Amino acid sequence: TIPAISKADGTPVPVVLSSIISQIATNPAYMSTEGLYRKNGNLATIQSLRFEIENGQQAKLETVTNVHILTGLAKLFLRELKEPLISWSTLDKLVLALQDIGQTEVEKVMIKVENILSMMHHSNKSSLYAVLEHLSTVADLSNENNMTAENLAIVMGPTLTWSEGEVERDTIATILVKQNSVVEFLIKNYPTLKLLKQQRESASTTE
């Protein structure tokens, strides 16, 4: 789980996740790569790299020069967690909150969404905000990489959250729609959510 890995690493966000994000985000050529996070890297290479990192060879990450290997490793890391980054109960609450769009002011929906996120385990919350900040920046460059918030949500939705119980075949499509709509909203509105989070944290420190 994210909390267990973060505790072992002694960091708010697992080191492997923050390192991958940093390596991609600080390279303009990587960020503008067409199909970023959608195109797959060589699975054998990704698995081999993952094995080396798990065995303490974190420095191996810095030798990677193919961005699709890095994105593949990030997706593999998130997908193989014992519990999803966004729990299913959190996703359900977010889905309900987003149903109010259209009838309620967007600002009120935003506050509700940030409130739901604030109740996540602190390591999951820190990791989610790190991922959203990165994906939001990727989406800002969609005229170069063709990865809009919608496209990123389609790719990353099932990686960030999944149902932890048995799922009826006919509900799989419904689940995908839920995942994608929530993740797309979070990516698109990340700057506002970050601001609301900062306001909450500064208010709690002054109390």
# chains A, B, ... in the order shown; residues from 1 in each chain; ligands from 1
>>> residues_around(residues="Thr192 (chain A)", least_positions_apart="3", cutoff="10 Å", atoms="only C-alpha atoms", output="VMD selection string")
chain A and resid 107 110 to 111 114 186 188 to 189 195 to 198
>>> select_by_dssp(residues="region 28-59 of chain A", states="alpha helix (DSSP H)", output="PyMOL selection string")
chain A and resi 28-31+43-54
>>> write_last_selection(atoms="all heavy atoms", output="tab-separated table (two decimals), in the first residue's frame")
chain	number	residue	atom	x	y	z
A	28	PRO	N	11.78	18.52	-20.98
A	28	PRO	CA	10.79	19.07	-21.92
A	28	PRO	C	10.49	18.15	-23.11
A	28	PRO	O	9.35	18.07	-23.57
A	28	PRO	CB	11.43	20.38	-22.40
A	28	PRO	CG	12.40	20.75	-21.32
A	28	PRO	CD	12.91	19.45	-20.77
A	29	ALA	N	11.51	17.43	-23.57
A	29	ALA	CA	11.31	16.51	-24.71
A	29	ALA	C	10.38	15.36	-24.30
A	29	ALA	O	9.52	14.93	-25.09
A	29	ALA	CB	12.65	15.95	-25.19
A	30	TYR	N	10.54	14.86	-23.07
A	30	TYR	CA	9.66	13.80	-22.58
A	30	TYR	C	8.22	14.32	-22.48
A	30	TYR	O	7.27	13.64	-22.89
A	30	TYR	CB	10.10	13.32	-21.20
A	30	TYR	CG	11.33	12.44	-21.15
A	30	TYR	CD1	11.91	12.10	-19.93
A	30	TYR	CD2	11.91	11.95	-22.32
A	30	TYR	CE1	13.04	11.28	-19.88
A	30	TYR	CE2	13.04	11.13	-22.27
A	30	TYR	CZ	13.59	10.81	-21.05
A	30	TYR	OH	14.71	10.00	-21.00
A	31	MET	N	8.07	15.51	-21.91
A	31	MET	CA	6.73	16.07	-21.66
A	31	MET	C	5.95	16.32	-22.95
A	31	MET	O	4.73	16.31	-22.95
A	31	MET	CB	6.85	17.36	-20.84
A	31	MET	CG	7.29	17.14	-19.41
A	31	MET	SD	6.08	16.25	-18.41
A	31	MET	CE	4.84	17.54	-18.16
A	43	LEU	N	7.50	-4.26	-22.25
A	43	LEU	CA	7.10	-4.80	-20.94
A	43	LEU	C	8.23	-5.55	-20.24
A	43	LEU	O	8.40	-5.44	-19.02
A	43	LEU	CB	5.88	-5.72	-21.11
A	43	LEU	CG	5.23	-6.22	-19.81
A	43	LEU	CD1	4.81	-5.04	-18.93
A	43	LEU	CD2	4.05	-7.12	-20.10
A	44	ALA	N	9.02	-6.29	-21.01
A	44	ALA	CA	10.14	-7.04	-20.42
A	44	ALA	C	11.16	-6.09	-19.78
A	44	ALA	O	11.67	-6.34	-18.67
A	44	ALA	CB	10.82	-7.89	-21.49
A	45	THR	N	11.41	-4.97	-20.46
A	45	THR	CA	12.35	-3.97	-19.93
A	45	THR	C	11.79	-3.34	-18.66
A	45	THR	O	12.52	-3.14	-17.68
A	45	THR	CB	12.60	-2.86	-20.99
A	45	THR	OG1	13.02	-3.48	-22.20
A	45	THR	CG2	13.65	-1.87	-20.53
A	46	ILE	N	10.48	-3.04	-18.69
A	46	ILE	CA	9.82	-2.42	-17.52
A	46	ILE	C	9.88	-3.37	-16.32
A	46	ILE	O	10.22	-2.96	-15.21
A	46	ILE	CB	8.36	-2.05	-17.86
A	46	ILE	CG1	8.33	-0.90	-18.89
A	46	ILE	CG2	7.59	-1.63	-16.60
A	46	ILE	CD1	6.98	-0.68	-19.55
A	47	GLN	N	9.57	-4.63	-16.54
A	47	GLN	CA	9.57	-5.62	-15.45
A	47	GLN	C	10.98	-5.81	-14.89
A	47	GLN	O	11.17	-5.92	-13.67
A	47	GLN	CB	9.03	-6.97	-15.95
A	47	GLN	CG	7.54	-6.98	-16.24
A	47	GLN	CD	6.67	-7.06	-14.99
A	47	GLN	OE1	7.13	-6.81	-13.88
A	47	GLN	NE2	5.41	-7.39	-15.16
A	48	SER	N	11.96	-5.84	-15.78
A	48	SER	CA	13.36	-6.00	-15.35
A	48	SER	C	13.79	-4.81	-14.50
A	48	SER	O	14.44	-4.97	-13.45
A	48	SER	CB	14.24	-6.12	-16.60
A	48	SER	OG	15.59	-6.05	-16.25
A	49	LEU	N	13.43	-3.60	-14.93
A	49	LEU	CA	13.77	-2.38	-14.20
A	49	LEU	C	13.09	-2.36	-12.84
A	49	LEU	O	13.70	-2.01	-11.82
A	49	LEU	CB	13.35	-1.16	-15.03
A	49	LEU	CG	13.70	0.22	-14.48
A	49	LEU	CD1	15.21	0.40	-14.34
A	49	LEU	CD2	13.13	1.31	-15.39
A	50	ARG	N	11.84	-2.78	-12.82
A	50	ARG	CA	11.08	-2.83	-11.57
A	50	ARG	C	11.76	-3.77	-10.58
A	50	ARG	O	11.90	-3.46	-9.39
A	50	ARG	CB	9.67	-3.31	-11.87
A	50	ARG	CG	8.84	-3.65	-10.66
A	50	ARG	CD	7.71	-4.56	-11.07
A	50	ARG	NE	7.08	-5.14	-9.92
A	50	ARG	CZ	6.54	-6.34	-9.93
A	50	ARG	NH1	6.56	-7.06	-11.01
A	50	ARG	NH2	5.96	-6.82	-8.86
A	51	PHE	N	12.20	-4.93	-11.07
A	51	PHE	CA	12.88	-5.91	-10.22
A	51	PHE	C	14.16	-5.32	-9.63
A	51	PHE	O	14.45	-5.48	-8.44
A	51	PHE	CB	13.20	-7.16	-11.04
A	51	PHE	CG	13.90	-8.23	-10.25
A	51	PHE	CD1	13.20	-9.03	-9.34
A	51	PHE	CD2	15.27	-8.46	-10.40
A	51	PHE	CE1	13.84	-10.01	-8.61
A	51	PHE	CE2	15.92	-9.44	-9.67
A	51	PHE	CZ	15.21	-10.22	-8.76
A	52	GLU	N	14.92	-4.60	-10.46
A	52	GLU	CA	16.17	-4.00	-10.00
A	52	GLU	C	15.92	-2.92	-8.94
A	52	GLU	O	16.62	-2.84	-7.93
A	52	GLU	CB	16.93	-3.39	-11.18
A	52	GLU	CG	17.53	-4.46	-12.10
A	52	GLU	CD	18.17	-3.87	-13.35
A	52	GLU	OE1	17.59	-2.93	-13.94
A	52	GLU	OE2	19.24	-4.36	-13.75
A	53	ILE	N	14.88	-2.11	-9.16
A	53	ILE	CA	14.54	-1.04	-8.20
A	53	ILE	C	14.09	-1.65	-6.87
A	53	ILE	O	14.47	-1.19	-5.80
A	53	ILE	CB	13.45	-0.10	-8.79
A	53	ILE	CG1	14.06	0.73	-9.92
A	53	ILE	CG2	12.87	0.81	-7.71
A	53	ILE	CD1	13.05	1.46	-10.76
A	54	GLU	N	13.28	-2.71	-6.96
A	54	GLU	CA	12.82	-3.38	-5.73
A	54	GLU	C	13.99	-3.98	-4.94
A	54	GLU	O	13.88	-4.18	-3.74
A	54	GLU	CB	11.81	-4.48	-6.09
A	54	GLU	CG	10.42	-3.94	-6.40
A	54	GLU	CD	9.42	-5.03	-6.74
A	54	GLU	OE1	9.83	-6.21	-6.86
A	54	GLU	OE2	8.24	-4.70	-6.90
>>> closest_residue(among="A:Ile24, A:Ile175, A:Trp88, A:Leu94", to="Thr65 (chain A)", atoms="only C-alpha atoms")
A:Ile24
>>> closest_atom_pairs(of="region 35-121 of chain A", to="region 132-142 of chain A", cutoff="12 Å", atoms="only C-alpha atoms", output="tab-separated table")
residue	atom	partner	partner_atom	distance
A:Gly35	CA	A:Ser142	CA	9.3
A:Leu36	CA	A:Val138	CA	8.0
A:Tyr37	CA	A:Leu135	CA	9.4
A:Arg38	CA	A:Val138	CA	11.9
A:Thr71	CA	A:Leu135	CA	11.3
A:Ala74	CA	A:His134	CA	11.9
A:Leu85	CA	A:Leu132	CA	11.7
A:Ile86	CA	A:Leu132	CA	11.9
>>> closest_atom_pairs(of="region 66-137 of chain A", to="region 1-6 of chain A", cutoff="8 Å", atoms="only C-alpha atoms", output="tab-separated table")
residue	atom	partner	partner_atom	distance
A:Leu81	CA	A:Thr1	CA	5.5
A:Lys82	CA	A:Thr1	CA	5.4
A:Glu83	CA	A:Thr1	CA	5.6
A:Pro84	CA	A:Thr1	CA	7.8
A:Leu85	CA	A:Ile2	CA	7.0
A:His121	CA	A:Pro3	CA	7.5
A:His122	CA	A:Pro3	CA	7.9
A:Ser123	CA	A:Pro3	CA	5.3
A:Asn124	CA	A:Ile2	CA	6.0
A:Ser127	CA	A:Ile2	CA	8.0
>>> write_last_selection(atoms="C-alpha atoms", output="mmCIF file, in the first residue's frame")
data_model
loop_
_atom_site.group_PDB
_atom_site.id
_atom_site.type_symbol
_atom_site.label_atom_id
_atom_site.label_comp_id
_atom_site.auth_asym_id
_atom_site.auth_seq_id
_atom_site.Cartn_x
_atom_site.Cartn_y
_atom_site.Cartn_z
ATOM 1 C CA LEU A 81 -0.510 -1.755 -5.197
ATOM 2 C CA LYS A 82 -2.472 -3.941 -2.753
ATOM 3 C CA GLU A 83 -4.970 -1.075 -2.452
ATOM 4 C CA PRO A 84 -5.665 1.563 -5.122
ATOM 5 C CA LEU A 85 -4.346 5.098 -4.723
ATOM 6 C CA HIS A 121 -4.796 8.838 4.258
ATOM 7 C CA HIS A 122 -2.090 11.527 4.184
ATOM 8 C CA SER A 123 0.300 9.399 2.075
ATOM 9 C CA ASN A 124 -2.410 8.603 -0.479
ATOM 10 C CA SER A 127 0.779 10.895 -3.738
#
>>> residues_around(residues="Met156 (chain A)", least_positions_apart="4", cutoff="9 Å", atoms="only C-alpha atoms", output="list in words")
Tyr37, Arg38, Lys75, Asn151, Leu152, Leu160, Thr161, Gln179, Asn180 and Val183 of chain A
>>> write_last_selection(atoms="N, CA, C and O atoms", output="compact mmCIF listing (two decimals), in the first residue's frame")
# COMPACT_ATOMS: atom_id res chain seq x y z
N TYR A 37 2.07 8.46 -21.72
CA TYR A 37 1.24 7.62 -20.84
C TYR A 37 0.27 6.71 -21.61
O TYR A 37 -0.24 5.75 -21.06
N ARG A 38 0.01 7.01 -22.89
CA ARG A 38 -0.88 6.13 -23.67
C ARG A 38 -0.08 5.04 -24.36
O ARG A 38 -0.48 3.88 -24.37
N LYS A 75 2.89 3.35 -14.19
CA LYS A 75 1.58 2.68 -14.27
C LYS A 75 1.62 1.31 -13.59
O LYS A 75 0.69 0.94 -12.88
N ASN A 151 -8.04 12.21 -22.42
CA ASN A 151 -7.21 11.08 -22.85
C ASN A 151 -6.41 10.48 -21.70
O ASN A 151 -6.28 9.26 -21.58
N LEU A 152 -5.89 11.34 -20.85
CA LEU A 152 -5.12 10.87 -19.69
C LEU A 152 -6.03 10.09 -18.72
O LEU A 152 -5.61 9.08 -18.15
N LEU A 160 -5.45 4.30 -11.25
CA LEU A 160 -5.52 5.08 -10.00
C LEU A 160 -6.57 4.56 -9.04
O LEU A 160 -6.48 4.77 -7.83
N THR A 161 -7.60 3.91 -9.58
CA THR A 161 -8.69 3.42 -8.72
C THR A 161 -9.35 2.21 -9.36
O THR A 161 -9.42 2.12 -10.58
N GLN A 179 -14.75 6.06 -13.24
CA GLN A 179 -13.32 6.31 -13.06
C GLN A 179 -12.86 7.46 -13.95
O GLN A 179 -12.20 8.40 -13.48
N ASN A 180 -13.20 7.37 -15.21
CA ASN A 180 -12.73 8.36 -16.18
C ASN A 180 -13.26 9.76 -15.89
O ASN A 180 -12.52 10.74 -15.98
N VAL A 183 -11.45 11.13 -12.68
CA VAL A 183 -10.03 11.43 -12.92
C VAL A 183 -9.88 12.62 -13.87
O VAL A 183 -9.03 13.49 -13.65
>>> atom_distance(atom1="CA of Lys125 (chain A)", atom2="CA of Val155 (chain A)")
20.3 Å
>>> closest_residue(among="A:Thr174, A:Ser181, A:Gln199, A:Ser87", to="Ile154 (chain A)", atoms="only C-alpha atoms")
A:Ser181
>>> closest_residue(among="A:Leu78, A:Ala59, A:Val67, A:Ile20", to="Ser32 (chain A)", atoms="only C-alpha atoms")
A:Val67
>>> closest_atom_pairs(of="region 114-193 of chain A", to="region 90-93 of chain A", cutoff="10 Å", atoms="only C-alpha atoms", output="JSON lines")
{"residue": "A:Ile116", "atom": "CA", "partner": "A:Thr90", "partner_atom": "CA", "distance": 7.1}
{"residue": "A:Leu117", "atom": "CA", "partner": "A:Thr90", "partner_atom": "CA", "distance": 7.7}
{"residue": "A:Met119", "atom": "CA", "partner": "A:Thr90", "partner_atom": "CA", "distance": 8.8}
{"residue": "A:Met120", "atom": "CA", "partner": "A:Thr90", "partner_atom": "CA", "distance": 7.7}
{"residue": "A:Thr161", "atom": "CA", "partner": "A:Leu91", "partner_atom": "CA", "distance": 7.5}
{"residue": "A:Trp162", "atom": "CA", "partner": "A:Leu91", "partner_atom": "CA", "distance": 8.8}
{"residue": "A:Ser163", "atom": "CA", "partner": "A:Leu91", "partner_atom": "CA", "distance": 9.4}
{"residue": "A:Lys178", "atom": "CA", "partner": "A:Leu91", "partner_atom": "CA", "distance": 8.0}
{"residue": "A:Gln179", "atom": "CA", "partner": "A:Leu91", "partner_atom": "CA", "distance": 7.5}
{"residue": "A:Val182", "atom": "CA", "partner": "A:Leu91", "partner_atom": "CA", "distance": 7.5}
{"residue": "A:Val183", "atom": "CA", "partner": "A:Leu91", "partner_atom": "CA", "distance": 9.4}
>>> write_last_selection(atoms="all heavy atoms", output="compact mmCIF listing (two decimals), in the first residue's frame")
# COMPACT_ATOMS: atom_id res chain seq x y z
N ILE A 116 -13.53 15.85 0.33
CA ILE A 116 -13.46 14.37 0.24
C ILE A 116 -12.00 13.93 0.16
O ILE A 116 -11.59 13.00 0.85
CB ILE A 116 -14.26 13.87 -0.99
CG1 ILE A 116 -15.75 14.14 -0.80
CG2 ILE A 116 -14.02 12.37 -1.22
CD1 ILE A 116 -16.59 14.01 -2.08
N LEU A 117 -11.22 14.61 -0.67
CA LEU A 117 -9.80 14.27 -0.82
C LEU A 117 -9.04 14.47 0.49
O LEU A 117 -8.11 13.73 0.79
CB LEU A 117 -9.15 15.10 -1.93
CG LEU A 117 -9.69 14.90 -3.36
CD1 LEU A 117 -8.91 15.78 -4.33
CD2 LEU A 117 -9.63 13.45 -3.79
N MET A 119 -9.90 13.81 3.35
CA MET A 119 -10.14 12.72 4.31
C MET A 119 -9.36 11.44 3.95
O MET A 119 -9.41 10.46 4.67
CB MET A 119 -11.64 12.42 4.40
CG MET A 119 -12.42 13.56 5.06
SD MET A 119 -14.15 13.19 5.32
CE MET A 119 -14.84 13.53 3.71
N MET A 120 -8.64 11.47 2.82
CA MET A 120 -7.81 10.32 2.45
C MET A 120 -6.63 10.19 3.40
O MET A 120 -6.26 11.17 4.06
CB MET A 120 -7.26 10.51 1.01
CG MET A 120 -8.31 10.45 -0.08
SD MET A 120 -7.64 10.94 -1.70
CE MET A 120 -6.55 9.54 -2.07
N THR A 161 -7.60 3.91 -9.58
CA THR A 161 -8.69 3.42 -8.72
C THR A 161 -9.35 2.21 -9.36
O THR A 161 -9.42 2.12 -10.58
CB THR A 161 -9.72 4.54 -8.46
OG1 THR A 161 -10.75 4.04 -7.62
CG2 THR A 161 -10.35 5.06 -9.75
N TRP A 162 -9.76 1.28 -8.52
CA TRP A 162 -10.48 0.11 -9.03
C TRP A 162 -11.38 -0.45 -7.94
O TRP A 162 -11.19 -0.18 -6.76
CB TRP A 162 -9.51 -0.96 -9.53
CG TRP A 162 -8.52 -1.46 -8.53
CD1 TRP A 162 -8.71 -2.43 -7.57
CD2 TRP A 162 -7.16 -1.02 -8.37
NE1 TRP A 162 -7.57 -2.60 -6.84
CE2 TRP A 162 -6.59 -1.78 -7.31
CE3 TRP A 162 -6.35 -0.09 -9.05
CZ2 TRP A 162 -5.27 -1.60 -6.89
CZ3 TRP A 162 -5.03 0.08 -8.62
CH2 TRP A 162 -4.51 -0.66 -7.56
N SER A 163 -12.37 -1.22 -8.37
CA SER A 163 -13.28 -1.85 -7.42
C SER A 163 -12.54 -2.97 -6.71
O SER A 163 -11.86 -3.77 -7.35
CB SER A 163 -14.50 -2.41 -8.16
OG SER A 163 -15.27 -3.20 -7.29
N LYS A 178 -17.29 5.98 -14.51
CA LYS A 178 -17.10 6.62 -13.20
C LYS A 178 -15.64 7.03 -13.01
O LYS A 178 -15.33 8.16 -12.66
CB LYS A 178 -17.47 5.64 -12.06
CG LYS A 178 -18.94 5.54 -11.74
CD LYS A 178 -19.09 4.63 -10.52
CE LYS A 178 -20.55 4.44 -10.14
NZ LYS A 178 -20.68 3.60 -8.93
N GLN A 179 -14.75 6.06 -13.24
CA GLN A 179 -13.32 6.31 -13.06
C GLN A 179 -12.86 7.46 -13.95
O GLN A 179 -12.20 8.40 -13.48
CB GLN A 179 -12.51 5.06 -13.46
CG GLN A 179 -12.59 3.92 -12.48
CD GLN A 179 -11.98 2.65 -13.06
OE1 GLN A 179 -11.99 2.45 -14.26
NE2 GLN A 179 -11.46 1.81 -12.21
N VAL A 182 -14.27 11.05 -13.03
CA VAL A 182 -13.68 11.60 -11.80
C VAL A 182 -12.23 12.02 -12.06
O VAL A 182 -11.83 13.14 -11.71
CB VAL A 182 -13.75 10.57 -10.64
CG1 VAL A 182 -12.85 11.01 -9.48
CG2 VAL A 182 -15.18 10.42 -10.16
N VAL A 183 -11.45 11.13 -12.68
CA VAL A 183 -10.03 11.43 -12.92
C VAL A 183 -9.88 12.62 -13.87
O VAL A 183 -9.03 13.49 -13.65
CB VAL A 183 -9.27 10.18 -13.44
CG1 VAL A 183 -7.85 10.54 -13.84
CG2 VAL A 183 -9.26 9.09 -12.38
>>> closest_residue(among="A:Asn42, A:Gln99, A:Ser118, A:Ser18", to="Gln58 (chain A)", atoms="only C-alpha atoms")
A:Ser18
